[in-house]
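Data block below; observations after.
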Amino acid sequence: MSHNRAMESSTRILILGTDSSGRILQSERNAAAVLAANPDGLLGASLDEVIPGAREPLLEAVRHGRERTAMLAVETADGATLDAVVTVHPMYGAEPGGLAALAVVRVPVPLADRFVDPAVIRRALLDDGLPRIGSTLDLELLARGLMDVLVPHFCNSGALMLLESHLDAEEAPAGPAGPPLRRMAIAFDDGDPAWDAAFPTGESVVYPAGTPYARCLEAGEPELTALGGEGAARLAEVWQRAPVADLLKGSSMLLLPIMSAAGVLGFFVCVRNVAHRPFDRYDIEIGMEFAARASSHVESARQYSLERATALTLQRSLLPTGLSAPSPIEVHHRYLPGSRLIEVGGDWYESIALPGARVALVVGDVAGHGVKAAVTMGRLRTSIQTLAELELPPAEALERLDSLMRTLGDREPHFATCAYVVYDAVSGRCEVASAGHLPPLLAPPGAASHFLAVPPAPPLGVGGDGPIVSREFTVEDGTLLFLYTDGLVENRARDIDDGLARLQRTFGPGAASRPLRDLCQDALDGVYDDQHRDDIAMLVARLCRIPEDHHATWELPAEPAAVRRARGLVRDRLSGWGLDELADSTVLMVSELVTNAIRHAGGRVGLRLVREGGLVCEVFDSADGRPRVRPQDDEGDMPESGRGLHVVGRLAQRWGVRRTADGKSVWCEQELP
């Protein structure tokens with residue numbers, strides 16, 4: 001902080017009373033001290049004699065009973081010339097020859113005298129400084145703002161110290177040496193970089209018992225200390241910081257406690273150097289009034305910081321830490337918290353690898369912000385993962401989520417939007433469903449990108465007349481699928497159509513060959529500086545099929561002989577893949593599954609082997625009923641019906657059932673050797 005700033009931001013108000021001719025009849029003590037060599041030197045003088053140049057703009061206004069303001073040069077009693085703002089205020093109803101106007105003269109306080117007048121200090125601290133910075137809830141900004149008020153109006157240098165235990169809910173209790181404090185901000189008016197080196201912002205400090213700092217924390221009372229040359233040298237030795245001896249030599253130090261309902265939060269350290277008068281009881285009174293008012297701002301910002309940290313921790317703990325997908329599918333995500341005005345939101349994303357070289361890609365957005373939105377987002381994420389593991393089709397999964405949101409809405413209204421995509425890396429088929437969400441963007445290789453026309457449905461939790469409907473289509477290898485939330489394309493200053501058009505240009509021709517990380521970065525360009533930005537979740541996937549020789553599909557007739565043929569097909573394929581050690585267990589499971597399909601479903605049966613991550617065997621039939629595993633009897637024997645699923649359950653790492661467009665698929669998975 002420079003000397004010029006100190007001069008400009010501290011002003012002294014001088015008041016003179018004149019008659020209608022401009023003759024000074026009254027002057028307050030400060031005016032006489034600044035403008036005249038002796039206390040009575042102003043009385044009887046003309047205003048334009050004391051303030052040269054006042055005749056034209058000001059005396060004319062006094063004679064005609066008008067208010068007027070002018071910037072004029074004022075010469076002080078010690079010969080200095082100051083720029084002053086002079087305002088004359090007429091006094092109506094004055095008697096002839098009596099007081100007719102007040103002249104209010106505002107002059108900058110000389111640097112050497114800025115701590116002399118208590119009225120100037122009080123006005124600078126309490127009337128001008130605090131209202132400017134008291135509204136911020138950012139604790140670090142508030143700390144810097146408070147120190148910029150104290151320095152230069154109250155002291156030459158200082159710091160704001162807060163107890164670590166009040167800043168971090170997980171802070172360990174104080175040790176035997178005392179409670180640690182964090183230096184939130186420092187300020188100094190001489191431009192010496194040694195202050196920053198000796199007292200770095202953010203440093204954690206423990207003050208020993210018996211020191212003024214410890215007494216201030218314990219009692220919550222101000223502490224006034226004179227640091228002579230020996231005192232400063234002793235501090236420099238204890239802290240092992242040699243510059244402290246020169247910085248604090250001969251200083252007067254005042255500690256002002258910061259109090260709240262939680263107790264002592266910390267204190268302000270205020271230091272005046274030897275060039276200025278030391279602190280006295282008037283300074284303590286003014287300083288404590290400042291600290292009392294500042295304490296309420298610090299406590300509000302502290303509580304907000306703790307709540308914000310809790311909300312951010314909760315939200316980030318609920319977001320996925322890793323994405324899974326079949327090996328040929330490349331997936332990249334970005335999550336950008338909202339601006340500092342919003343920050344905590346309910347946007348989320350998922351990429352869940354499913355058996356049989358399939359993947360579920362999900363992006364959603366819970367309406368609102370804060371902890372409630374984050375908690376609702378966590379519930380939806382958990383539900384999505386469960387529904388994905390149950391392998392429900394996208395439309396049915398969203399209907400289940402809608403039911404969940406309505407249940408939550410019985411206690412507190414909630415709604416969310418969601419886009420759900422399942423991609424099969426064997427067939428290249430995509431199935432997409434959306435509940436009130438913005439349309440996914442598809443960018444085929446070498447072609448223009450376009451938004452998918454997904455059958456519309458209301459947001460989750462709102463309810464609608466009809467069911468949610470999905471759309472199925474086949475994509476070309478290398479096609480990009482981009483899912484996103486509305487914070488990416490919409491804000492207060494930009495129409496959503498402009499945002500969508502910008503996004504489509506980002507994924508223009510040639511985008512499919514670019515790195516996904518670069519595409520996400522380009523999509524975010526221009527969004528970072530938005531002060532009212534909502535949080536943003538995006539998920540981009542490069543969709544590719546697994547190699548042709550990594551899967552095999554056969555169609556079998558619904559007759560007993562098909563079981564023997566299925567066994568032969570599986571052995572031959574596993575031999576070709578070099579997986580002979582899995583042949584016996586796989587053949588046994590295929591026999592059971594194909595037999596069940598022929599016996600209970602009828603019609604033709606499909607058989608598929610997929611080598612991706614593990615070895616997956618799928619048997620398709622036209623029945624939509626889920627097979628049931630029957631319990632063993634009291635003697636531990638399996639019932640004749642349902643024995644096949646017991647065999648599958650023991651041999652497979654995992655198994656399951658999923659619905660298809662014309663029936664179901666029963667699958668089982670084994671680890672690859």
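We name chains A, B, ... following the order of the structure tokens; residues begin at 1 in each chain, and ligands are numbered from 1 as shown.
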Discussion item. Residues of range 444-634 of chain A classed as strand (DSSP E) by DSSP on the backbone are to be reported as a PyMOL selection string.
Written reply: chain A and resi 450-451+471-474+479-484+536-543+551-556+605-612+614-621
Worksheet item: Neighbours of Arg429 in chain A within 6 Å (only C-alpha atoms; same-chain residues fewer than 4 positions away dropped), as number ranges by chain?
Response: A: 423-424, 473-474
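Using only C-alpha atoms, the residues found no farther than 8 Å from Leu72 in chain A, other than those of its own chain fewer than 4 positions away, are A:Ile51, A:Pro52, A:Gly53, A:Ala54, A:Asp83, A:Ala84, A:Val85, A:Val86.
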Hey, what's within 12 Å of Asp148 in chain A if we count only C-alpha atoms and toss same-chain stuff fewer than 3 positions away? As a tab-separated table (two decimals) with N, CA and C atoms, in the first residue's frame, please?
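Produced file part-v8.tsv, reproduced below:
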```tsv
chain	number	residue	atom	x	y	z
A	1	MET	N	0.85	-1.17	0.00
A	1	MET	CA	0.00	0.00	0.00
A	1	MET	C	0.89	1.23	0.00
A	2	SER	N	0.61	2.19	-0.88
A	2	SER	CA	1.47	3.35	-1.03
A	2	SER	C	1.05	4.49	-0.12
A	5	ARG	N	-2.04	6.42	-1.48
A	5	ARG	CA	-3.34	5.85	-1.16
A	5	ARG	C	-3.78	6.28	0.24
A	6	ALA	N	-2.83	6.28	1.17
A	6	ALA	CA	-3.16	6.72	2.52
A	6	ALA	C	-3.62	8.16	2.53
A	9	SER	N	-7.27	8.42	0.90
A	9	SER	CA	-8.40	7.75	1.52
A	9	SER	C	-8.70	8.25	2.93
A	124	ALA	N	-13.09	7.06	9.17
A	124	ALA	CA	-12.46	6.23	8.14
A	124	ALA	C	-12.69	4.75	8.39
A	125	LEU	N	-12.65	4.33	9.67
A	125	LEU	CA	-12.82	2.92	9.99
A	125	LEU	C	-14.27	2.48	9.92
A	128	ASP	N	-16.75	4.82	6.60
A	128	ASP	CA	-16.37	4.69	5.19
A	128	ASP	C	-15.89	3.29	4.82
A	129	GLY	N	-15.08	2.68	5.69
A	129	GLY	CA	-14.43	1.42	5.33
A	129	GLY	C	-15.31	0.20	5.44
A	130	LEU	N	-15.90	-0.04	6.59
A	130	LEU	CA	-16.66	-1.28	6.82
A	130	LEU	C	-17.85	-1.45	5.87
A	132	ARG	N	-18.16	-0.70	2.92
A	132	ARG	CA	-17.72	-1.05	1.57
A	132	ARG	C	-17.46	-2.54	1.41
A	133	ILE	N	-16.93	-3.18	2.45
A	133	ILE	CA	-16.47	-4.56	2.31
A	133	ILE	C	-17.28	-5.55	3.16
A	141	LEU	N	-11.33	-12.75	0.85
A	141	LEU	CA	-11.55	-11.40	0.36
A	141	LEU	C	-11.90	-10.46	1.51
A	142	LEU	N	-12.73	-10.95	2.43
A	142	LEU	CA	-13.11	-10.13	3.57
A	142	LEU	C	-11.89	-9.78	4.41
A	143	ALA	N	-11.01	-10.76	4.66
A	143	ALA	CA	-9.82	-10.51	5.46
A	143	ALA	C	-8.94	-9.45	4.82
A	144	ARG	N	-8.74	-9.55	3.50
A	144	ARG	CA	-7.93	-8.53	2.82
A	144	ARG	C	-8.60	-7.17	2.88
A	145	GLY	N	-9.92	-7.15	2.72
A	145	GLY	CA	-10.64	-5.88	2.78
A	145	GLY	C	-10.55	-5.23	4.15
A	151	VAL	N	-5.16	-0.52	7.64
A	151	VAL	CA	-3.95	0.11	7.12
A	151	VAL	C	-4.34	0.82	5.83
A	152	PRO	N	-4.32	2.15	5.77
A	152	PRO	CA	-3.53	3.08	6.57
A	152	PRO	C	-4.30	3.90	7.60
A	153	HIS	N	-5.60	3.64	7.81
A	153	HIS	CA	-6.39	4.55	8.64
A	153	HIS	C	-6.14	4.41	10.12
A	154	PHE	N	-5.62	3.24	10.57
A	154	PHE	CA	-5.48	3.01	12.00
A	154	PHE	C	-4.05	2.64	12.40
A	155	CYS	N	-3.32	2.04	11.49
A	155	CYS	CA	-1.97	1.60	11.81
A	155	CYS	C	-1.14	1.54	10.55
A	156	ASN	N	0.18	1.35	10.72
A	156	ASN	CA	1.08	1.27	9.57
A	156	ASN	C	1.16	-0.13	8.98
A	157	SER	N	0.97	-1.14	9.82
A	157	SER	CA	1.02	-2.53	9.35
A	157	SER	C	0.18	-3.38	10.28
A	158	GLY	N	-0.20	-4.57	9.81
A	158	GLY	CA	-1.02	-5.42	10.65
A	158	GLY	C	-1.35	-6.73	9.95
A	159	ALA	N	-2.07	-7.57	10.69
A	159	ALA	CA	-2.46	-8.87	10.17
A	159	ALA	C	-3.77	-9.29	10.82
A	160	LEU	N	-4.47	-10.17	10.14
A	160	LEU	CA	-5.69	-10.78	10.67
A	160	LEU	C	-5.39	-12.25	10.93
A	185	ALA	N	-4.55	-12.51	6.30
A	185	ALA	CA	-4.16	-11.39	5.43
A	185	ALA	C	-3.21	-10.50	6.21
A	186	ILE	N	-2.33	-9.80	5.48
A	186	ILE	CA	-1.49	-8.77	6.08
A	186	ILE	C	-1.60	-7.51	5.23
A	187	ALA	N	-1.19	-6.39	5.81
A	187	ALA	CA	-1.16	-5.12	5.07
A	187	ALA	C	-0.05	-4.26	5.66
A	188	PHE	N	0.56	-3.41	4.84
A	188	PHE	CA	1.62	-2.50	5.29
A	188	PHE	C	1.65	-1.32	4.33
A	189	ASP	N	2.11	-0.18	4.80
A	189	ASP	CA	2.02	1.05	4.00
A	189	ASP	C	3.36	1.56	3.49
A	270	CYS	N	-2.32	-4.90	15.12
A	270	CYS	CA	-2.16	-3.54	14.61
A	270	CYS	C	-0.84	-2.98	15.12
```
Practice prompt. For Gly220 in chain A, work out the shell of residues within 8 Å, counting only C-alpha atoms and skipping chain neighbours fewer than 5 positions away, then give it as a PyMOL selection string.
Written response: chain A and resi 215+257-259+264
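Using only C-alpha atoms for every distance, the candidate list A:Asp168, A:Asp662, A:Glu350, A:Asp127 yields A:Asp127 as the residue closest to Val149 in chain A.
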Find the spatial neighbours of Glu612 in chain A, counting only C-alpha atoms, within a cut-off of 8 Å - ignore same-chain residues fewer than 4 positions away - and output them as a PDB file with N, CA and C atoms, in the first residue's frame.
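To be explicit, this is the file written out as selection-v7.pdb:
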```
ATOM      1  N   PRO A 326     -16.379 -50.495 -22.352  1.00  0.00           N
ATOM      2  CA  PRO A 326     -15.642 -51.503 -23.125  1.00  0.00           C
ATOM      3  C   PRO A 326     -14.395 -50.894 -23.756  1.00  0.00           C
ATOM      4  N   SER A 327     -13.377 -51.705 -23.968  1.00  0.00           N
ATOM      5  CA  SER A 327     -12.074 -51.198 -24.386  1.00  0.00           C
ATOM      6  C   SER A 327     -12.084 -50.389 -25.685  1.00  0.00           C
ATOM      7  N   GLY A 356     -21.345 -57.996 -21.970  1.00  0.00           N
ATOM      8  CA  GLY A 356     -21.589 -58.150 -23.401  1.00  0.00           C
ATOM      9  C   GLY A 356     -21.132 -56.973 -24.215  1.00  0.00           C
ATOM     10  N   ALA A 357     -20.079 -56.268 -23.777  1.00  0.00           N
ATOM     11  CA  ALA A 357     -19.503 -55.139 -24.522  1.00  0.00           C
ATOM     12  C   ALA A 357     -20.518 -54.033 -24.737  1.00  0.00           C
ATOM     13  N   ILE A 546     -16.297 -53.558 -31.084  1.00  0.00           N
ATOM     14  CA  ILE A 546     -15.169 -54.423 -30.781  1.00  0.00           C
ATOM     15  C   ILE A 546     -14.766 -55.153 -32.067  1.00  0.00           C
ATOM     16  N   HIS A 550     -13.645 -60.861 -32.061  1.00  0.00           N
ATOM     17  CA  HIS A 550     -13.823 -60.916 -30.611  1.00  0.00           C
ATOM     18  C   HIS A 550     -15.246 -61.293 -30.217  1.00  0.00           C
ATOM     19  N   VAL A 616     -18.163 -63.528 -22.063  1.00  0.00           N
ATOM     20  CA  VAL A 616     -19.594 -63.438 -21.819  1.00  0.00           C
ATOM     21  C   VAL A 616     -20.313 -64.349 -22.800  1.00  0.00           C
TER      22      VAL A 616
END
```
Would you pick out the contacts of Asp584 in chain A at 12 Å or less, using only C-alpha atoms, so that residues sharing its chain but fewer than 6 positions from it are not included, and give the list as a PDB file with N, CA and C atoms, in the first residue's frame?
```pdb
ATOM      1  N   ARG A 567     -22.965 -76.750 -28.109  1.00  0.00           N
ATOM      2  CA  ARG A 567     -21.741 -77.155 -27.423  1.00  0.00           C
ATOM      3  C   ARG A 567     -20.564 -77.208 -28.395  1.00  0.00           C
ATOM      4  N   GLY A 568     -20.789 -77.760 -29.588  1.00  0.00           N
ATOM      5  CA  GLY A 568     -19.717 -77.846 -30.577  1.00  0.00           C
ATOM      6  C   GLY A 568     -19.263 -76.472 -31.047  1.00  0.00           C
ATOM      7  N   VAL A 570     -19.387 -73.644 -29.452  1.00  0.00           N
ATOM      8  CA  VAL A 570     -18.665 -72.952 -28.380  1.00  0.00           C
ATOM      9  C   VAL A 570     -17.242 -73.508 -28.249  1.00  0.00           C
ATOM     10  N   ARG A 571     -17.098 -74.873 -28.289  1.00  0.00           N
ATOM     11  CA  ARG A 571     -15.754 -75.449 -28.171  1.00  0.00           C
ATOM     12  C   ARG A 571     -14.848 -74.981 -29.305  1.00  0.00           C
ATOM     13  N   ASP A 572     -15.386 -74.994 -30.513  1.00  0.00           N
ATOM     14  CA  ASP A 572     -14.565 -74.574 -31.651  1.00  0.00           C
ATOM     15  C   ASP A 572     -14.121 -73.113 -31.512  1.00  0.00           C
ATOM     16  N   LEU A 574     -13.869 -71.229 -28.743  1.00  0.00           N
ATOM     17  CA  LEU A 574     -12.923 -71.040 -27.641  1.00  0.00           C
ATOM     18  C   LEU A 574     -11.549 -71.591 -27.993  1.00  0.00           C
ATOM     19  N   SER A 575     -11.526 -72.653 -28.771  1.00  0.00           N
ATOM     20  CA  SER A 575     -10.238 -73.192 -29.219  1.00  0.00           C
ATOM     21  C   SER A 575      -9.538 -72.189 -30.117  1.00  0.00           C
ATOM     22  N   VAL A 590     -23.631 -73.192 -21.283  1.00  0.00           N
ATOM     23  CA  VAL A 590     -24.390 -73.000 -22.525  1.00  0.00           C
ATOM     24  C   VAL A 590     -25.447 -74.090 -22.660  1.00  0.00           C
ATOM     25  N   SER A 591     -25.094 -75.317 -22.331  1.00  0.00           N
ATOM     26  CA  SER A 591     -26.069 -76.413 -22.407  1.00  0.00           C
ATOM     27  C   SER A 591     -27.290 -76.111 -21.548  1.00  0.00           C
ATOM     28  N   LEU A 651     -20.753 -71.714 -11.499  1.00  0.00           N
ATOM     29  CA  LEU A 651     -19.615 -71.695 -12.411  1.00  0.00           C
ATOM     30  C   LEU A 651     -19.233 -70.292 -12.872  1.00  0.00           C
TER      31      LEU A 651
END
```
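The nearest approach to Glu221 in chain A among the residues A:Ala537, A:Phe267, A:Gly466, A:Val205, with only C-alpha atoms taken into account, belongs to A:Phe267.
Closest to Gly463 in chain A among A:Pro394, A:Gly436, A:Pro445, A:Gly644 is A:Gly436, based on only C-alpha atoms.
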Worksheet item: Just asking: which residues within range 206-236 of chain A are alpha helix (DSSP H) according to DSSP, as a PyMOL selection string?
Response: chain A and resi 212-219+229-236
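In this structure, CA of Met253 in chain A sits 27.5 Å away from CA of Asn30 in chain A.
Across the structure, CA of Ala325 in chain A and CA of Ala373 in chain A are spaced 27.4 Å apart.
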